[in-house]
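Undergrad: After the structure tokens below, expect a handful of questions from me.
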Amino acid sequence: MQPLVTHHRTAPPTVDGGRLLRRVEELGNIGRDPATGGITREGYSPADREARAYVVEEARAAGLTVSVDAAGNIFIRAQPAGAAADRPALLMGSHLDTVVGGGRLDGAYGVLAALEVVQACAEFAAESRYEPMAVAFTNEEGALFPQPFFGASVLSGRLADLPREPLDHNGRSLRGPLALAGGDLYSLGSAVWPAESVAAYLELHIEQGPVLERTGNRIGVVNGITGRTVLTVEIHGMAGHAGTVPMAGRCDALAAASRAVLAVERIASERDLCRVATVGRLVIHPNSPNTIADRVRLTVDLRDTVASRMDKAETALRQELRNVARQTGAEIEVVARTHSGPVSTNADLRALIEESCLKLGVPYESLPSGAGHDAQVVADIAPVAMIFVPSIGGASHVPHEDTDPADLVVGAEVLLHTALTAAGV
Ligand code: GLV
Ligand code: MN
Ligand code: MN
Ligand code: MN
């Protein structure tokens, strides 16, 4: 980071807590599923588009400038439309998409707080060393299109890692939904940012775990982010009548999948090859009570903070899948893979966050992130840091995910203070 520039000003920018909480409330009604009370805004779905439109409208009403890149990422800045980027950006943000039946804060809070900071800084933005800019990255979760961190990956230039024609879980192309979000699958290259164009990326997020609530600290300064590998596995057996096909000689795709699910669990539990391993999605065909399944598609999510352990876990998983295929006669194939390695956050930025906490009198601690975040991908091209606020009961990716409103405001204040010192606003 370069040294700070100080400016004489009458009143320092401040967070409008009421405005932030109003937006959290309003955005939190988009994609609400009345059956569960949870939020379902899968990336590039109609509900996701509605959330995007809400944020764009709020930003424009605040007199800010909005642009959308080919990946559908939304950028919000104080500079007039079309103004050339004359300084590196101080990017702040997160994502608006959610998991199926998730909460209203995961991702959305970080975007709204970044919008609040850009709005608060608007009148000073022109004099800052770095241009404060809010970003809402697309498809962080990979709930519908199984390419998590899609928008951040495009921005960071990971184009070679992405499929040329990304398909959703139902085999439908990203092309149409991306166009509806203002993007263009065939010009993703135009959305890549050169490394020197981003001075830093700051992501404010709910912790999604129990640590801060237990210690009573109100801010977490994230020291590292777990690596994540997601495999989509397809298992082919032979369909048949549940009543007439004898047990001997069956090739039941679901029975084979069950063995695979348990093998995944053992990789992290008994064998301790990686920190956690999860099969979170299972689609059974034809999913009929009296028909033997002929096809199962499942996802495997492997995570660890050590890259070599992730490699070992994946190698072991692939071996287990071969074993299951041999034992059951099913055909098993890994049809898709995405990978994002573990990263450390930037020490200078961490020091700025801690300094902000001290200035604001907010108790903080350092902790790792077990969840994935756009920051770990943006780390390819820029120094990154993350600020956590406590999650009530440690709950996340569930409808009752929540944070004390006072903590939501404190988090935004820490983000603002950190941004001001980093950008010399
Ligand atoms: C992404 O949100 C993840 O950590 O699952
Ligand atoms: Mn999430
Ligand atoms: Mn998130
Ligand atoms: Mn996430």
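Residue numbering restarts at 1 for every chain of the structure tokens, chains are lettered A, B, ... in their displayed order, and ligands are numbered from 1 as they appear.
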What lies within 8 Å of range 289-306 of chain A using only C-alpha atoms, ignoring chain neighbours under 4 positions off, as JSON, numbers by chain?

TA: {"A": [224, 225, 226, 227, 228, 229, 230, 231, 232, 233, 234, 235, 236, 237, 238, 239, 240, 241, 242, 243, 251, 252, 253, 254, 257, 264, 274, 275, 276, 277, 278, 279, 280, 281, 282, 283, 284, 285, 310, 313, 314, 342, 343, 370]}

Undergrad: Mind dumping the selected residues with C-alpha atoms as a compact mmCIF listing (two decimals), in the first residue's frame?

TA:
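New file selection.txt:
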```
# COMPACT_ATOMS: atom_id res chain seq x y z
CA GLY A 224 -6.90 -16.66 5.56
CA ILE A 225 -9.65 -18.21 3.44
CA THR A 226 -10.14 -21.92 2.99
CA GLY A 227 -9.58 -23.57 -0.39
CA ARG A 228 -12.56 -25.18 -2.08
CA THR A 229 -12.87 -27.83 -4.77
CA VAL A 230 -16.29 -28.74 -6.12
CA LEU A 231 -16.76 -31.82 -8.28
CA THR A 232 -19.93 -32.83 -10.08
CA VAL A 233 -20.10 -36.62 -10.27
CA GLU A 234 -22.42 -38.65 -12.46
CA ILE A 235 -23.24 -42.27 -11.66
CA HIS A 236 -24.87 -44.51 -14.26
CA GLY A 237 -26.57 -47.79 -13.41
CA MET A 238 -29.46 -49.70 -14.94
CA ALA A 239 -33.11 -48.81 -14.46
CA GLY A 240 -35.64 -51.56 -13.80
CA HIS A 241 -38.81 -52.56 -12.00
CA ALA A 242 -38.35 -52.40 -8.22
CA GLY A 243 -40.48 -55.50 -7.78
CA CYS A 251 -26.89 -52.07 -10.99
CA ASP A 252 -28.60 -49.53 -8.75
CA ALA A 253 -27.16 -46.05 -9.32
CA LEU A 254 -28.53 -44.78 -6.02
CA ALA A 257 -24.15 -43.14 -4.92
CA VAL A 264 -16.73 -38.58 0.87
CA CYS A 274 -9.07 -32.46 4.37
CA ARG A 275 -10.88 -30.33 6.93
CA VAL A 276 -14.45 -30.88 5.67
CA ALA A 277 -16.06 -32.84 2.82
CA THR A 278 -19.71 -32.62 1.86
CA VAL A 279 -22.17 -34.07 -0.62
CA GLY A 280 -24.81 -31.34 -0.61
CA ARG A 281 -26.72 -32.03 -3.77
CA LEU A 282 -28.07 -35.31 -5.09
CA VAL A 283 -30.36 -35.64 -8.10
CA ILE A 284 -31.87 -39.04 -8.68
CA HIS A 285 -33.29 -40.25 -11.98
CA MET A 310 -6.75 -30.52 -0.87
CA ALA A 313 -8.15 -35.42 -0.61
CA GLU A 314 -9.17 -35.10 -4.26
CA PRO A 342 -6.60 -21.34 -0.01
CA VAL A 343 -5.28 -17.79 0.31
CA GLY A 370 -14.06 -21.72 6.59
```

Undergrad: For Glu354 in chain A, work out the shell of residues within 9 Å, counting only C-alpha atoms and skipping chain neighbours fewer than 5 positions away, then give it as a list of chain:residue names.

TA: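 So the residues in contact are A:Val221, A:Leu349, A:Lys359, A:Tyr364, A:Glu365, A:Val414, A:Thr418.
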
Undergrad: Residues as selected, N, CA and C atoms, written as a PDB file, in the first residue's frame, can you do that?

TA:
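The resulting result.pdb:
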```pdb
ATOM      1  N   VAL A 221     -11.063 -10.172  11.993  1.00  0.00           N
ATOM      2  CA  VAL A 221     -10.131  -9.780  10.934  1.00  0.00           C
ATOM      3  C   VAL A 221      -9.623 -11.092  10.335  1.00  0.00           C
ATOM      4  N   LEU A 349      -3.321  -4.599   4.913  1.00  0.00           N
ATOM      5  CA  LEU A 349      -4.755  -4.309   5.009  1.00  0.00           C
ATOM      6  C   LEU A 349      -5.311  -4.788   6.351  1.00  0.00           C
ATOM      7  N   LYS A 359      -9.431   2.507  16.780  1.00  0.00           N
ATOM      8  CA  LYS A 359      -9.934   3.890  16.733  1.00  0.00           C
ATOM      9  C   LYS A 359     -11.402   3.974  17.130  1.00  0.00           C
ATOM     10  N   TYR A 364     -11.966  -6.794  18.623  1.00  0.00           N
ATOM     11  CA  TYR A 364     -11.800  -7.618  17.414  1.00  0.00           C
ATOM     12  C   TYR A 364     -10.868  -8.775  17.706  1.00  0.00           C
ATOM     13  N   GLU A 365     -10.860  -9.717  16.798  1.00  0.00           N
ATOM     14  CA  GLU A 365      -9.872 -10.800  16.859  1.00  0.00           C
ATOM     15  C   GLU A 365      -9.571 -11.264  15.444  1.00  0.00           C
ATOM     16  N   VAL A 414     -16.462   0.026  10.341  1.00  0.00           N
ATOM     17  CA  VAL A 414     -15.074  -0.439  10.236  1.00  0.00           C
ATOM     18  C   VAL A 414     -14.640  -0.465   8.761  1.00  0.00           C
ATOM     19  N   THR A 418     -11.642   1.831   7.352  1.00  0.00           N
ATOM     20  CA  THR A 418     -10.522   1.161   6.679  1.00  0.00           C
ATOM     21  C   THR A 418     -10.363   1.692   5.258  1.00  0.00           C
TER      22      THR A 418
END
```

Undergrad: Which residues of chain A sit at most 7 Å from ligand 4, using only C-alpha atoms and all ligand atoms? Give each one's shortest atom pair and distance in Å (one decimal place), in chain and ascending residue order, as a tab-separated table.

TA:
```
residue	atom	partner	partner_atom_place_in_ligand_line	distance
A:Asp106	CA	ligand 4	1 (Mn)	6.9
A:Gly107	CA	ligand 4	1 (Mn)	6.9
A:Glu140	CA	ligand 4	1 (Mn)	6.1
A:Glu141	CA	ligand 4	1 (Mn)	5.7
A:Ala371	CA	ligand 4	1 (Mn)	5.8
A:Gly372	CA	ligand 4	1 (Mn)	4.7
A:His373	CA	ligand 4	1 (Mn)	4.7
```

Undergrad: At a cut-off of 10 Å and counting only C-alpha atoms and all ligand atoms, what residues surround ligand 3? Please answer as an MDAnalysis selection string.

TA: chainID A and resid 94:99 105:110 140:141 149 203:208 371:375 396:397

Undergrad: Between CA of Gly38 in chain A and CA of Thr138 in chain A, what is the distance in Å, rounded to a tenth?

TA: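 Rounded to one decimal, the two atoms are 19.8 Å apart.
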
Undergrad: I'd like to know which residues of range 114-346 of chain A are strand (DSSP E or B) (by DSSP, run on the backbone); could you write them as a PyMOL selection string?

TA: chain A and resi 131-137+167+173+198-206+219-225+227-236+240-241+276-285+291-292+295-304+331-340+343-344

Undergrad: As a list of chain:residue names, please: the residues near Asn217 in chain A (cut-off 10 Å, only C-alpha atoms, same-chain neighbours under 2 positions excluded).

TA: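 Counting only C-alpha atoms, the residues come to A:Val211, A:Leu212, A:Glu213, A:Arg214, A:Thr215, A:Ile219, A:Gly220, A:Val362, A:Pro363, A:Tyr364, A:Glu365, A:Ser366, A:Val389, A:Pro390.
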
Undergrad: Find the spatial neighbours of range 158-174 of chain A, counting only C-alpha atoms, within a cut-off of 8 Å - ignore same-chain residues fewer than 6 positions away - and output them as a JSON list (two decimals) with N, CA and C atoms, in the first residue's frame.

TA:
```json
[["chain", "number", "residue", "atom", "x", "y", "z"],
["A", 144, "LEU", "N", -27.16, -22.56, -8.99],
["A", 144, "LEU", "CA", -27.85, -23.03, -10.19],
["A", 144, "LEU", "C", -26.83, -23.37, -11.27],
["A", 145, "PHE", "N", -25.92, -22.44, -11.53],
["A", 145, "PHE", "CA", -24.79, -22.70, -12.43],
["A", 145, "PHE", "C", -23.61, -23.11, -11.55],
["A", 146, "PRO", "N", -23.15, -24.34, -11.68],
["A", 146, "PRO", "CA", -22.16, -24.85, -10.71],
["A", 146, "PRO", "C", -20.74, -24.34, -10.97],
["A", 147, "GLN", "N", -20.61, -23.03, -11.16],
["A", 147, "GLN", "CA", -19.30, -22.40, -11.30],
["A", 147, "GLN", "C", -19.24, -21.31, -10.25],
["A", 185, "LEU", "N", -21.76, -13.65, -22.76],
["A", 185, "LEU", "CA", -20.87, -14.81, -22.60],
["A", 185, "LEU", "C", -19.69, -14.78, -23.58],
["A", 188, "LEU", "N", -16.39, -12.18, -22.42],
["A", 188, "LEU", "CA", -15.94, -12.19, -21.02],
["A", 188, "LEU", "C", -14.54, -11.57, -20.89],
["A", 189, "GLY", "N", -13.75, -11.68, -21.96],
["A", 189, "GLY", "CA", -12.39, -11.11, -21.92],
["A", 189, "GLY", "C", -12.40, -9.62, -21.61],
["A", 338, "THR", "N", -14.54, -27.41, -10.24],
["A", 338, "THR", "CA", -14.05, -26.05, -10.05],
["A", 338, "THR", "C", -13.15, -26.06, -8.83]]
```

Undergrad: Between CA of Tyr130 in chain A and CA of Gly361 in chain A, what is the distance, to one decimal in Å?

TA: 26.1 Å

Undergrad: Can you work out which one of A:Met386, A:Ala255, A:Ala268, A:Leu178 has the shortest atom-to-atom distance to Ala325 in chain A, counting only C-alpha atoms?

TA: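 The shortest atom-to-atom distance to Ala325 in chain A comes from A:Ala255.
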
Undergrad: Could you check which of A:Ala199, A:Leu321, A:Val15, A:Ile39 is closest to Ser258 in chain A, using only C-alpha atoms?

TA: A:Leu321
